[in-house]
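Chemist: Below is one structure. I have some questions about it.
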Number of protein chains: 6
Amino acid sequence: MSESTGPGASYPQQRDHLHARMRDLVQAAPGPMQGFATLHQKAVATGVLDANTKELMALAISVASRCDGCIAFHTHDALRAGATDAEIFETLGVAVLMGGGPAAIYATHVLEAVRQFQERPATPA
Amino acid sequence: MSESTGPGASYPQQRDHLHARMRDLVQAAPGPMQGFATLHQKAVATGVLDANTKELMALAISVASRCDGCIAFHTHDALRAGATDAEIFETLGVAVLMGGGPAAIYATHVLEAVRQFQERPATPA
Amino acid sequence: MSESTGPGASYPQQRDHLHARMRDLVQAAPGPMQGFATLHQKAVATGVLDANTKELMALAISVASRCDGCIAFHTHDALRAGATDAEIFETLGVAVLMGGGPAAIYATHVLEAVRQFQERPATPA
Amino acid sequence: MSESTGPGASYPQQRDHLHARMRDLVQAAPGPMQGFATLHQKAVATGVLDANTKELMALAISVASRCDGCIAFHTHDALRAGATDAEIFETLGVAVLMGGGPAAIYATHVLEAVRQFQERPATPA
Amino acid sequence: MSESTGPGASYPQQRDHLHARMRDLVQAAPGPMQGFATLHQKAVATGVLDANTKELMALAISVASRCDGCIAFHTHDALRAGATDAEIFETLGVAVLMGGGPAAIYATHVLEAVRQFQERPATPA
Amino acid sequence: MSESTGPGASYPQQRDHLHARMRDLVQAAPGPMQGFATLHQKAVATGVLDANTKELMALAISVASRCDGCIAFHTHDALRAGATDAEIFETLGVAVLMGGGPAAIYATHVLEAVRQFQERPATPA
């Protein structure tokens, strides 16, 4: 009821809240969301690129798309897939290249999310 | 003064706050906003498509555009125009098709907004 | 090989070209695209909203998202689902409301696409 | 019938084509477009900021929004309002700051549009 | 730790928070952010257009891009560069023209930011 | 002079054209573009992530951002950095996850770009 988005928000709380709400969305729109779940699962599964790299790509797009909820999800999932701080920082550089000033703003959100998830061990999916 | 955006925020409060601020914007930029008001009124007026359908379209674009304030406004207006939960849920499916992961995040915001507006009867415009 | 996007382009050619290329994409990324195909099929299937309405929603988002290839696909699919000119025109009004000047530009592309598809009977999917 | 968008396209032809198509859009959606016309006219009219400055702002947003048709319109209108090359170049710097790599791509389109409009005297509105 | 984004948030707090976080980003990604810092500084420096005008352009793009953190930064920087209320209001008109409904929402955020920064004297950079 | 964007366009021609125009942009806006050049060079340089991975990230954002010129540049640069077809195809899956239908359209453009660059050996930068 009380978490909020943006600087100062708790990304772990936001992630858990969205994770629960995503289940409501699956109930509300089961057909499309079944397709989306497959798309999600297959897109980030290890293949010739490993899951870590794919989660960093998803995080880069989250930043360039200015989507805080996406940052909550994909920072969590990138860390869980084994991404290091240094890998995340270089990913932010690419996002700023492709998104300019607004991406720089949202890149700072990722820094906060990383810190917060590291203070609170990531929840199993 | 104290509402915030995103998951957990009260969309009815956010909508009322924005509605009041929109009047300030009309005072600040009366010429352009007079044109915008006409655009708004005519675009969602019942024609060959009814207002309900048009508000659902506006809501779909709000989700695909990742705009929480728009979600507050157009969830309110869609419900007032008679949109049912089931119609809103199918609208979210189209938004996720056209907006991917970020739209799935903002689709969960609409679910929260629907619940909140139904707990608090919608205000007349 | 020679069609291009934007004003003056043939949207039926563009649609057929993209339709063929989409099959290549399914081959290139079969896992994710199988999920996307389900998402697509379920999101626009007739439910409490009919397919026509859902295609118009997808078209509205295509315009607000400034995506010419999407306009080629969803103008085609909206017409095939039975959308009338008048319904499409009102849909464009909503898109301009939610997308401003850039949406007005892409709304003119839809007018061209409608004319072109009506001159050339739509292809079965 | 044969002009196209993007690098190499003729922006004067594109602008004239869109200008004509915009009249079709006004006929197709007269209510919303009447509002949009007022919004357009009032937003760029000289006030405490002159029309030149406002057109440069519209051009900056066109670049950051990756909208070639908008570039055709607002480069034309900025030049007609008296914008100099140097003013346009500085405007592109702001657009690249706020839009990153994609804005750099579309900034090069503005350079082409400027050259083309200067080779062909701008048409009265 | 407790500020949030959107209507009701304190933009001065948000700006100060982001300003501090931006220094973290420079440490995290020094190479890219050194380039970004030069891009930022040169893009808004007085040239044939003065800094005030350039900040208003950046603010217009912030609104059209629906970026609250950008609104916090560029409202602050526009005021510091000497922008008047009337200039900001006309800038919002251009942003609404180019961004439609979502830009109208974020334009109301700028009105709040202006009020808040004027109640609290702007911090030196 | 005659290449165009979108399906059917030659991405190698488009890339070479843009590469030349980018030099014009550096002359037009030398201060900001000097910063942008550093941002570009540092963001994609090999670090803890190799250049290949970073170019794939930039390509994923190009697709999610619906930017054809970016696709021309970053497909070229990803191939030059050693990206394989299979890596690019998996990157497109992530882009479709994060961008939905419009990303699927632009993902097909990448398939065309890959084919075209492989038919014509990539030019040294």
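The way I read the labels, and the way they are meant: chains A, B, ... in the order of the structure tokens, residue 1 as the first residue of every chain, and ligand 1 as the first ligand shown, with later ones counted on from there.
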Please check the contacts: residues of chain D at most 10 Å away from chain F, using only C-alpha atoms, listed as a VMD selection string.
Modeler: chain D and resid 3 to 10 65 to 67 85 to 86 88 to 94 96 to 97 100 to 112
Chemist: Mind pulling up the distance from CA of Tyr11 (chain E) to CA of Thr46 (chain D)?
Modeler: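 CA of Tyr11 (chain E) lies 29.5 Å from CA of Thr46 (chain D).
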Chemist: Could you list, as a ChimeraX atom specification, every residue within 7 Å of Leu59 (chain A), counting only C-alpha atoms and ignoring same-chain residues fewer than 3 positions away?
Modeler: /A:55-56,62-63,71,74-75
Chemist: Taking the chain letters and numbering used in this document, name the residues of chain E that DSSP puts in helix (DSSP H, G or I), as a PyMOL selection string.
Modeler: chain E and resi 11-28+30-44+51-64+68-80+85-119
Chemist: Kindly give the distance, in Å, that separates CA of Ala60 (chain D) and CA of Pro12 (chain F), rounded to a single decimal.
Modeler: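 Between these atoms lies a distance of 27.5 Å.
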